[in-house]
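Printed here is protein07.pdb (PDB, C-alpha atoms):
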```
ATOM      1  CA  MET U   1       0.000   0.000   0.000  1.00  0.00           C
ATOM      2  CA  SER U   2       1.228   3.464  -0.702  1.00  0.00           C
ATOM      3  CA  ILE U   3       0.360   6.950   0.426  1.00  0.00           C
ATOM      4  CA  LYS U   4       1.244  10.289  -1.044  1.00  0.00           C
ATOM      5  CA  ILE U   5       2.556  13.007   1.234  1.00  0.00           C
ATOM      6  CA  ARG U   6       2.586  16.717   0.515  1.00  0.00           C
ATOM      7  CA  TYR U   7       4.234  19.635   2.299  1.00  0.00           C
ATOM      8  CA  PHE U   8       3.279  23.276   1.967  1.00  0.00           C
ATOM      9  CA  ALA U   9       4.679  26.730   2.703  1.00  0.00           C
ATOM     10  CA  SER U  10       7.338  26.957   5.446  1.00  0.00           C
ATOM     11  CA  LEU U  11       7.076  23.214   6.050  1.00  0.00           C
ATOM     12  CA  LYS U  12       8.040  22.557   2.432  1.00  0.00           C
ATOM     13  CA  ASP U  13      11.132  24.737   2.986  1.00  0.00           C
ATOM     14  CA  TYR U  14      11.896  22.863   6.211  1.00  0.00           C
ATOM     15  CA  ILE U  15      11.608  19.414   4.598  1.00  0.00           C
ATOM     16  CA  GLY U  16      13.385  20.516   1.405  1.00  0.00           C
ATOM     17  CA  HIS U  17      10.856  19.168  -1.086  1.00  0.00           C
ATOM     18  CA  SER U  18       7.111  19.232  -1.675  1.00  0.00           C
ATOM     19  CA  GLU U  19       6.135  15.571  -2.004  1.00  0.00           C
ATOM     20  CA  ASP U  20       6.969  12.102  -0.764  1.00  0.00           C
ATOM     21  CA  GLU U  21       5.527   8.659  -1.199  1.00  0.00           C
ATOM     22  CA  ILE U  22       5.802   5.874   1.328  1.00  0.00           C
ATOM     23  CA  ILE U  23       5.039   2.185   0.991  1.00  0.00           C
ATOM     24  CA  TYR U  24       3.912   0.403   4.123  1.00  0.00           C
ATOM     25  CA  GLU U  25       2.651  -2.957   5.290  1.00  0.00           C
ATOM     26  CA  LYS U  26       0.552  -2.111   8.336  1.00  0.00           C
ATOM     27  CA  ALA U  27      -1.930   0.629   9.140  1.00  0.00           C
ATOM     28  CA  LEU U  28      -0.234   3.863  10.139  1.00  0.00           C
ATOM     29  CA  THR U  29      -1.388   6.939  11.997  1.00  0.00           C
ATOM     30  CA  VAL U  30      -0.589  10.312  10.456  1.00  0.00           C
ATOM     31  CA  SER U  31       1.913  10.765  13.261  1.00  0.00           C
ATOM     32  CA  GLU U  32       3.723   7.604  12.108  1.00  0.00           C
ATOM     33  CA  VAL U  33       3.472   8.796   8.508  1.00  0.00           C
ATOM     34  CA  TRP U  34       5.312  11.975   9.528  1.00  0.00           C
ATOM     35  CA  GLN U  35       8.042   9.925  11.231  1.00  0.00           C
ATOM     36  CA  GLN U  36       8.528   7.593   8.273  1.00  0.00           C
ATOM     37  CA  ALA U  37       8.345  10.204   5.553  1.00  0.00           C
ATOM     38  CA  THR U  38      10.620  12.730   7.250  1.00  0.00           C
ATOM     39  CA  GLN U  39      12.916  10.134   8.855  1.00  0.00           C
ATOM     40  CA  ASN U  40      11.999  11.373  12.309  1.00  0.00           C
ATOM     41  CA  LYS U  41      12.571  15.055  11.726  1.00  0.00           C
ATOM     42  CA  ILE U  42      11.370  17.212  14.609  1.00  0.00           C
ATOM     43  CA  LYS U  43       7.844  18.313  13.881  1.00  0.00           C
ATOM     44  CA  PRO U  44       7.563  22.119  14.098  1.00  0.00           C
ATOM     45  CA  GLN U  45       5.100  23.352  16.703  1.00  0.00           C
ATOM     46  CA  ASN U  46       1.574  23.972  15.409  1.00  0.00           C
ATOM     47  CA  THR U  47       2.017  21.772  12.321  1.00  0.00           C
ATOM     48  CA  LEU U  48      -1.384  20.895  10.870  1.00  0.00           C
ATOM     49  CA  VAL U  49      -2.311  17.726   9.025  1.00  0.00           C
ATOM     50  CA  ALA U  50      -4.992  16.878   6.490  1.00  0.00           C
ATOM     51  CA  VAL U  51      -5.968  13.538   4.968  1.00  0.00           C
ATOM     52  CA  ASN U  52      -7.667  13.731   1.592  1.00  0.00           C
ATOM     53  CA  MET U  53      -8.034  17.486   2.082  1.00  0.00           C
ATOM     54  CA  ASP U  54      -9.822  17.347   5.435  1.00  0.00           C
ATOM     55  CA  TYR U  55      -8.260  18.289   8.763  1.00  0.00           C
ATOM     56  CA  VAL U  56      -7.590  15.303  11.018  1.00  0.00           C
ATOM     57  CA  SER U  57      -5.952  14.625  14.380  1.00  0.00           C
ATOM     58  CA  TRP U  58      -2.501  13.073  14.663  1.00  0.00           C
ATOM     59  CA  ASP U  59      -3.847   9.675  15.682  1.00  0.00           C
ATOM     60  CA  GLU U  60      -5.995   9.328  12.549  1.00  0.00           C
ATOM     61  CA  LEU U  61      -5.303   6.131  10.591  1.00  0.00           C
ATOM     62  CA  VAL U  62      -4.475   6.424   6.911  1.00  0.00           C
ATOM     63  CA  ASN U  63      -5.630   4.080   4.155  1.00  0.00           C
ATOM     64  CA  ASP U  64      -4.160   2.932   0.882  1.00  0.00           C
ATOM     65  CA  SER U  65      -3.949   5.733  -1.703  1.00  0.00           C
ATOM     66  CA  ASP U  66      -4.698   8.459   0.841  1.00  0.00           C
ATOM     67  CA  GLU U  67      -3.113  11.857   0.387  1.00  0.00           C
ATOM     68  CA  VAL U  68      -1.619  13.213   3.614  1.00  0.00           C
ATOM     69  CA  ALA U  69      -0.621  16.878   3.779  1.00  0.00           C
ATOM     70  CA  PHE U  70       1.455  18.645   6.414  1.00  0.00           C
ATOM     71  CA  PHE U  71       1.513  22.422   6.689  1.00  0.00           C
ATOM     72  CA  PRO U  72       1.871  25.359   9.088  1.00  0.00           C
ATOM     73  CA  PRO U  73      -1.083  27.391  10.421  1.00  0.00           C
ATOM     74  CA  VAL U  74      -2.920  29.024   7.536  1.00  0.00           C
ATOM     75  CA  THR U  75      -2.619  32.750   6.870  1.00  0.00           C
ATOM     76  CA  GLY U  76      -4.974  33.592   4.018  1.00  0.00           C
ATOM     77  CA  GLY U  77      -7.566  36.303   3.682  1.00  0.00           C
TER      78      GLY U  77
ATOM     79  CA  MET V   1     -22.869  29.761  -3.855  1.00  0.00           C
ATOM     80  CA  THR V   2     -19.610  30.305  -5.679  1.00  0.00           C
ATOM     81  CA  VAL V   3     -15.920  29.946  -4.830  1.00  0.00           C
ATOM     82  CA  ILE V   4     -13.307  31.341  -7.203  1.00  0.00           C
ATOM     83  CA  ILE V   5      -9.526  31.163  -6.798  1.00  0.00           C
ATOM     84  CA  LYS V   6      -7.686  33.612  -9.059  1.00  0.00           C
ATOM     85  CA  ASP V   7      -3.991  33.733  -9.895  1.00  0.00           C
ATOM     86  CA  THR V   8      -4.203  37.176 -11.519  1.00  0.00           C
ATOM     87  CA  PRO V   9      -5.319  40.555 -10.117  1.00  0.00           C
ATOM     88  CA  PHE V  10      -9.057  41.113  -9.909  1.00  0.00           C
ATOM     89  CA  ASN V  11     -11.407  44.031  -9.457  1.00  0.00           C
ATOM     90  CA  PRO V  12     -13.881  42.988  -6.751  1.00  0.00           C
ATOM     91  CA  TYR V  13     -16.335  45.762  -7.605  1.00  0.00           C
ATOM     92  CA  GLN V  14     -16.449  44.743 -11.255  1.00  0.00           C
ATOM     93  CA  ASP V  15     -16.728  41.035 -10.420  1.00  0.00           C
ATOM     94  CA  LEU V  16     -19.463  41.766  -7.922  1.00  0.00           C
ATOM     95  CA  GLN V  17     -21.415  43.795 -10.454  1.00  0.00           C
ATOM     96  CA  GLU V  18     -21.107  41.048 -13.080  1.00  0.00           C
ATOM     97  CA  TYR V  19     -22.135  38.397 -10.560  1.00  0.00           C
ATOM     98  CA  GLU V  20     -25.176  40.378  -9.457  1.00  0.00           C
ATOM     99  CA  GLU V  21     -26.190  41.099 -13.033  1.00  0.00           C
ATOM    100  CA  THR V  22     -25.859  37.506 -14.199  1.00  0.00           C
ATOM    101  CA  LYS V  23     -27.042  35.605 -11.123  1.00  0.00           C
ATOM    102  CA  LEU V  24     -29.075  37.848  -8.846  1.00  0.00           C
ATOM    103  CA  THR V  25     -31.010  40.506 -10.752  1.00  0.00           C
ATOM    104  CA  LYS V  26     -34.225  38.536 -10.791  1.00  0.00           C
ATOM    105  CA  ASN V  27     -34.060  37.724  -7.108  1.00  0.00           C
ATOM    106  CA  ASN V  28     -36.498  40.122  -5.470  1.00  0.00           C
ATOM    107  CA  ALA V  29     -36.155  38.488  -2.063  1.00  0.00           C
ATOM    108  CA  ILE V  30     -32.745  40.116  -1.535  1.00  0.00           C
ATOM    109  CA  GLY V  31     -32.933  42.795   1.104  1.00  0.00           C
ATOM    110  CA  ALA V  32     -29.347  42.867   2.337  1.00  0.00           C
ATOM    111  CA  SER V  33     -25.935  42.498   0.724  1.00  0.00           C
ATOM    112  CA  ASN V  34     -22.896  42.405   2.963  1.00  0.00           C
ATOM    113  CA  ILE V  35     -19.524  42.711   1.302  1.00  0.00           C
ATOM    114  CA  PHE V  36     -16.023  42.305   2.706  1.00  0.00           C
ATOM    115  CA  ILE V  37     -12.935  43.101   0.669  1.00  0.00           C
ATOM    116  CA  GLY V  38      -9.466  42.404   2.023  1.00  0.00           C
ATOM    117  CA  THR V  39      -6.554  44.208   0.354  1.00  0.00           C
ATOM    118  CA  MET V  40      -2.815  43.971   0.776  1.00  0.00           C
ATOM    119  CA  ARG V  41      -1.324  46.595   3.059  1.00  0.00           C
ATOM    120  CA  ASP V  42       2.302  47.651   2.680  1.00  0.00           C
ATOM    121  CA  PHE V  43       3.401  47.009   6.255  1.00  0.00           C
ATOM    122  CA  ASN V  44       3.492  44.177   8.747  1.00  0.00           C
ATOM    123  CA  GLU V  45       5.148  43.834  12.146  1.00  0.00           C
ATOM    124  CA  GLY V  46       6.836  47.205  11.753  1.00  0.00           C
ATOM    125  CA  ASP V  47       8.370  46.444   8.352  1.00  0.00           C
ATOM    126  CA  HIS V  48       7.624  47.804   4.910  1.00  0.00           C
ATOM    127  CA  VAL V  49       6.317  45.005   2.679  1.00  0.00           C
ATOM    128  CA  LYS V  50       6.680  45.405  -1.089  1.00  0.00           C
ATOM    129  CA  LEU V  51       5.163  42.128  -2.321  1.00  0.00           C
ATOM    130  CA  MET V  52       3.303  39.143  -1.021  1.00  0.00           C
ATOM    131  CA  SER V  53       3.215  35.634  -2.521  1.00  0.00           C
ATOM    132  CA  LEU V  54       0.154  33.603  -1.676  1.00  0.00           C
ATOM    133  CA  GLU V  55       0.494  29.828  -1.846  1.00  0.00           C
ATOM    134  CA  HIS V  56      -2.442  27.466  -1.440  1.00  0.00           C
ATOM    135  CA  TYR V  57      -3.378  23.796  -1.523  1.00  0.00           C
ATOM    136  CA  PRO V  58      -5.463  23.391  -4.702  1.00  0.00           C
ATOM    137  CA  GLY V  59      -8.470  21.204  -4.085  1.00  0.00           C
ATOM    138  CA  MET V  60      -8.382  21.502  -0.307  1.00  0.00           C
ATOM    139  CA  THR V  61      -8.878  25.246  -0.564  1.00  0.00           C
ATOM    140  CA  GLU V  62     -12.116  24.846  -2.491  1.00  0.00           C
ATOM    141  CA  LYS V  63     -13.229  21.933  -0.304  1.00  0.00           C
ATOM    142  CA  GLN V  64     -12.742  23.886   2.922  1.00  0.00           C
ATOM    143  CA  LEU V  65     -14.349  27.056   1.590  1.00  0.00           C
ATOM    144  CA  ASN V  66     -17.387  25.078   0.459  1.00  0.00           C
ATOM    145  CA  LYS V  67     -17.609  23.472   3.914  1.00  0.00           C
ATOM    146  CA  ILE V  68     -17.544  26.934   5.497  1.00  0.00           C
ATOM    147  CA  ILE V  69     -20.317  28.072   3.158  1.00  0.00           C
ATOM    148  CA  ALA V  70     -22.364  24.976   4.050  1.00  0.00           C
ATOM    149  CA  ALA V  71     -21.901  25.724   7.767  1.00  0.00           C
ATOM    150  CA  ALA V  72     -23.009  29.340   7.199  1.00  0.00           C
ATOM    151  CA  ASN V  73     -26.066  28.140   5.314  1.00  0.00           C
ATOM    152  CA  GLN V  74     -27.058  26.023   8.288  1.00  0.00           C
ATOM    153  CA  GLN V  75     -26.922  28.974  10.656  1.00  0.00           C
ATOM    154  CA  TRP V  76     -28.336  31.837   8.619  1.00  0.00           C
ATOM    155  CA  ALA V  77     -30.996  32.321   5.940  1.00  0.00           C
ATOM    156  CA  LEU V  78     -28.831  33.122   2.946  1.00  0.00           C
ATOM    157  CA  ILE V  79     -29.747  33.660  -0.687  1.00  0.00           C
ATOM    158  CA  ASP V  80     -26.240  33.520  -2.121  1.00  0.00           C
ATOM    159  CA  ILE V  81     -22.555  33.632  -1.243  1.00  0.00           C
ATOM    160  CA  LEU V  82     -19.586  34.608  -3.389  1.00  0.00           C
ATOM    161  CA  ILE V  83     -15.974  34.097  -2.347  1.00  0.00           C
ATOM    162  CA  ILE V  84     -13.081  35.202  -4.546  1.00  0.00           C
ATOM    163  CA  HIS V  85      -9.515  34.714  -3.282  1.00  0.00           C
ATOM    164  CA  ARG V  86      -6.208  35.575  -4.903  1.00  0.00           C
ATOM    165  CA  VAL V  87      -3.130  33.373  -5.070  1.00  0.00           C
ATOM    166  CA  GLY V  88       0.269  34.184  -6.560  1.00  0.00           C
ATOM    167  CA  ASP V  89       2.127  37.488  -6.319  1.00  0.00           C
ATOM    168  CA  ILE V  90       0.174  40.413  -4.883  1.00  0.00           C
ATOM    169  CA  LEU V  91       1.211  44.071  -4.639  1.00  0.00           C
ATOM    170  CA  PRO V  92       0.173  46.615  -1.999  1.00  0.00           C
ATOM    171  CA  ASN V  93      -3.351  47.927  -2.467  1.00  0.00           C
ATOM    172  CA  GLU V  94      -4.383  44.941  -4.599  1.00  0.00           C
ATOM    173  CA  PRO V  95      -7.419  42.960  -3.441  1.00  0.00           C
ATOM    174  CA  ILE V  96      -6.747  39.590  -1.785  1.00  0.00           C
ATOM    175  CA  VAL V  97     -10.224  38.419  -0.915  1.00  0.00           C
ATOM    176  CA  LEU V  98     -13.875  39.185  -1.504  1.00  0.00           C
ATOM    177  CA  VAL V  99     -16.653  37.653   0.585  1.00  0.00           C
ATOM    178  CA  SER V 100     -20.205  38.655  -0.235  1.00  0.00           C
ATOM    179  CA  ALA V 101     -23.349  37.409   1.482  1.00  0.00           C
ATOM    180  CA  TRP V 102     -26.837  38.093   0.176  1.00  0.00           C
ATOM    181  CA  SER V 103     -29.900  37.646   2.332  1.00  0.00           C
ATOM    182  CA  SER V 104     -33.373  39.032   2.892  1.00  0.00           C
ATOM    183  CA  HIS V 105     -32.286  40.688   6.138  1.00  0.00           C
ATOM    184  CA  ARG V 106     -29.162  42.493   7.320  1.00  0.00           C
ATOM    185  CA  GLY V 107     -28.604  40.329  10.400  1.00  0.00           C
ATOM    186  CA  ASP V 108     -28.103  37.182   8.361  1.00  0.00           C
ATOM    187  CA  ALA V 109     -25.974  38.943   5.744  1.00  0.00           C
ATOM    188  CA  PHE V 110     -23.717  40.705   8.293  1.00  0.00           C
ATOM    189  CA  ASP V 111     -23.215  37.709  10.557  1.00  0.00           C
ATOM    190  CA  ALA V 112     -22.715  35.138   7.795  1.00  0.00           C
ATOM    191  CA  CYS V 113     -20.166  37.334   6.017  1.00  0.00           C
ATOM    192  CA  ARG V 114     -18.181  37.746   9.233  1.00  0.00           C
ATOM    193  CA  PHE V 115     -18.422  34.035  10.033  1.00  0.00           C
ATOM    194  CA  ILE V 116     -17.204  33.061   6.568  1.00  0.00           C
ATOM    195  CA  MET V 117     -14.312  35.514   6.675  1.00  0.00           C
ATOM    196  CA  GLU V 118     -13.124  34.456  10.137  1.00  0.00           C
ATOM    197  CA  ASN V 119     -13.377  30.770   9.229  1.00  0.00           C
ATOM    198  CA  LEU V 120     -11.554  31.353   5.956  1.00  0.00           C
ATOM    199  CA  LYS V 121      -8.759  32.957   7.978  1.00  0.00           C
ATOM    200  CA  SER V 122      -8.394  29.937  10.255  1.00  0.00           C
ATOM    201  CA  LYS V 123      -9.263  26.986   7.977  1.00  0.00           C
ATOM    202  CA  ALA V 124      -8.687  27.700   4.288  1.00  0.00           C
ATOM    203  CA  PRO V 125      -5.186  26.483   3.322  1.00  0.00           C
ATOM    204  CA  PHE V 126      -3.531  29.682   2.107  1.00  0.00           C
ATOM    205  CA  TRP V 127      -0.083  30.873   3.189  1.00  0.00           C
ATOM    206  CA  LYS V 128       1.461  34.304   2.773  1.00  0.00           C
ATOM    207  CA  LYS V 129       5.124  34.967   2.162  1.00  0.00           C
ATOM    208  CA  GLU V 130       6.222  38.588   2.405  1.00  0.00           C
ATOM    209  CA  ARG V 131       9.028  40.293   0.516  1.00  0.00           C
ATOM    210  CA  LEU V 132      10.339  43.277   2.424  1.00  0.00           C
ATOM    211  CA  ILE V 133      11.791  46.455   0.985  1.00  0.00           C
ATOM    212  CA  ASN V 134      15.332  45.064   1.589  1.00  0.00           C
ATOM    213  CA  GLU V 135      14.420  41.946  -0.502  1.00  0.00           C
ATOM    214  CA  GLN V 136      14.333  39.728   2.598  1.00  0.00           C
ATOM    215  CA  GLU V 137      11.560  37.100   2.395  1.00  0.00           C
ATOM    216  CA  ARG V 138       9.638  35.618   5.302  1.00  0.00           C
ATOM    217  CA  TRP V 139       6.529  33.517   5.867  1.00  0.00           C
ATOM    218  CA  VAL V 140       3.687  35.120   7.775  1.00  0.00           C
ATOM    219  CA  ILE V 141       3.433  33.076  10.976  1.00  0.00           C
ATOM    220  CA  SER V 142      -0.131  33.923  11.966  1.00  0.00           C
ATOM    221  CA  ASN V 143      -3.017  36.188  11.074  1.00  0.00           C
ATOM    222  CA  THR V 144      -3.921  39.279  13.050  1.00  0.00           C
ATOM    223  CA  LYS V 145      -6.861  38.980  15.414  1.00  0.00           C
ATOM    224  CA  GLY V 146     -10.251  39.324  13.745  1.00  0.00           C
ATOM    225  CA  TYR V 147     -12.415  40.265  16.718  1.00  0.00           C
ATOM    226  CA  LEU V 148     -10.875  43.223  18.506  1.00  0.00           C
ATOM    227  CA  THR V 149     -13.043  42.932  21.599  1.00  0.00           C
ATOM    228  CA  THR V 150     -14.908  40.188  23.378  1.00  0.00           C
ATOM    229  CA  LYS V 151     -18.097  42.235  23.051  1.00  0.00           C
ATOM    230  CA  ASN V 152     -20.940  40.188  21.675  1.00  0.00           C
ATOM    231  CA  TYR V 153     -22.360  42.211  18.781  1.00  0.00           C
TER     232      TYR V 153
END
```
Would you write the structure of this file as structure tokens?
Amino acid sequence: MSIKIRYFASLKDYIGHSEDEIIYEKALTVSEVWQQATQNKIKPQNTLVAVNMDYVSWDELVNDSDEVAFFPPVTGG
Amino acid sequence: MTVIIKDTPFNPYQDLQEYEETKLTKNNAIGASNIFIGTMRDFNEGDHVKLMSLEHYPGMTEKQLNKIIAAANQQWALIDILIIHRVGDILPNEPIVLVSAWSSHRGDAFDACRFIMENLKSKAPFWKKERLINEQERWVISNTKGYLTTKNY
């Protein structure tokens, strides 16, 4: 199973690229997705996470083909 | 109910007029139109800002804005909503966002417009990067406070 990971804004700068893909055998939480995708980089305070374009909590489980996005607090408007 | 993301400058007054003429002229139930326009100012945190780049998450932006509109529709009696938001490079004095709420009564139009704008600020995935007069670039960390007092209007 594979999931696509996307990073936006300052988090994209911090990670150094905008996308990742990870292959996994067991169900993962988004927190574990962060650890695997970033190789345990320290997660900046206030980082937000969305799965399939909806906000979720860090213990949310991801499914095959999900898109997980990490980003800083939003500042539009 | 319409959400538009634009990557080029827009004239909110012109867009509003076109929208009203094409979608709302025959709606005689409209008694109140509340319009908010946000423009880029040339200063932030004591520094002169010469340009702002707005990044967003295509797809999630529209999804979240439509969810906010749906939530507003549940709370207030609304006839129509229009949201236009810029992305890309923006110069001082250029419009960033337009939120317009049409209703039969001012209470619904005022309150829904405010609700949509404040929720957009905290939930819609846009991010601002500022370029200062000395060419230094920095991400905006957080938005300014929307409600200036705790007074319940």
Please expand the PyMOL selection byres ((chain U) within 12 of (chain V)) into the concrete residues it hits in this file, giving the result as JSON, numbers by chain. {"U": [6, 7, 8, 9, 10, 11, 12, 13, 14, 18, 45, 46, 47, 48, 49, 50, 51, 52, 53, 54, 55, 67, 68, 69, 70, 71, 72, 73, 74, 75, 76, 77]}
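Distance-wise, CA of Ala112 in chain V and CA of Glu21 in chain V end up 21.9 Å apart.
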I need the residue nearest Ala70 in chain V from this list: V:Ser33, V:Ile133, V:Gly146, V:Phe115. Use only C-alpha atoms for the distance.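 Closest residue, counting only C-alpha atoms: V:Phe115.
Across the model, the gap from CA of Val56 in chain U to CA of Leu148 in chain V is 29.1 Å.
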Neighbours of Asn73 in chain V within 12 Å (only C-alpha atoms; same-chain residues fewer than 3 positions away dropped), as number ranges by chain? V: 1, 66-70, 76-81, 101-103, 108-109, 111-113, 115-116
Write the residues of the selection above to a file with C-alpha atoms, as an mmCIF file, in the coordinates of the input.
```
data_model
loop_
_atom_site.group_PDB
_atom_site.id
_atom_site.type_symbol
_atom_site.label_atom_id
_atom_site.label_comp_id
_atom_site.auth_asym_id
_atom_site.auth_seq_id
_atom_site.Cartn_x
_atom_site.Cartn_y
_atom_site.Cartn_z
ATOM 1 C CA MET V 1 -22.869 29.761 -3.855
ATOM 2 C CA ASN V 66 -17.387 25.078 0.459
ATOM 3 C CA LYS V 67 -17.609 23.472 3.914
ATOM 4 C CA ILE V 68 -17.544 26.934 5.497
ATOM 5 C CA ILE V 69 -20.317 28.072 3.158
ATOM 6 C CA ALA V 70 -22.364 24.976 4.050
ATOM 7 C CA TRP V 76 -28.336 31.837 8.619
ATOM 8 C CA ALA V 77 -30.996 32.321 5.940
ATOM 9 C CA LEU V 78 -28.831 33.122 2.946
ATOM 10 C CA ILE V 79 -29.747 33.660 -0.687
ATOM 11 C CA ASP V 80 -26.240 33.520 -2.121
ATOM 12 C CA ILE V 81 -22.555 33.632 -1.243
ATOM 13 C CA ALA V 101 -23.349 37.409 1.482
ATOM 14 C CA TRP V 102 -26.837 38.093 0.176
ATOM 15 C CA SER V 103 -29.900 37.646 2.332
ATOM 16 C CA ASP V 108 -28.103 37.182 8.361
ATOM 17 C CA ALA V 109 -25.974 38.943 5.744
ATOM 18 C CA ASP V 111 -23.215 37.709 10.557
ATOM 19 C CA ALA V 112 -22.715 35.138 7.795
ATOM 20 C CA CYS V 113 -20.166 37.334 6.017
ATOM 21 C CA PHE V 115 -18.422 34.035 10.033
ATOM 22 C CA ILE V 116 -17.204 33.061 6.568
#
```
Using only C-alpha atoms, which residues sit within 8 Å of Asp59 in chain U once same-chain residues fewer than 4 positions away are excluded, as a PyMOL selection string? chain U and resi 29-31
The PyMOL selection byres ((chain V and resi 48) around 6) - which residues does that actually catch in the file I just gave you? List them as a list of chain:residue names.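 Selected by the PyMOL selection byres ((chain V and resi 48) around 6) in this file: V:Asp42, V:Phe43, V:Asp47, V:Val49, V:Leu132, V:Ile133.
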When the PyMOL selection byres ((chain U and resi 65) around 9) is applied to the file above, which residues end up in the set, as a list in words? Met1, Ser2, Ile3, Lys4, Val62, Asn63, Asp64, Asp66 and Glu67 of chain U
Could you work out an axis-aligned bounding box for all listed atoms of range 72-83 of chain V, with 5 Å added on each of the six sides, and give its centre and edge lengths in Å to one decimal, as lines of an AutoDock Vina configuration file?
```
center_x = -23.5
center_y = 30.3
center_z = 3.6
size_x = 25.0
size_y = 18.6
size_z = 24.0
```
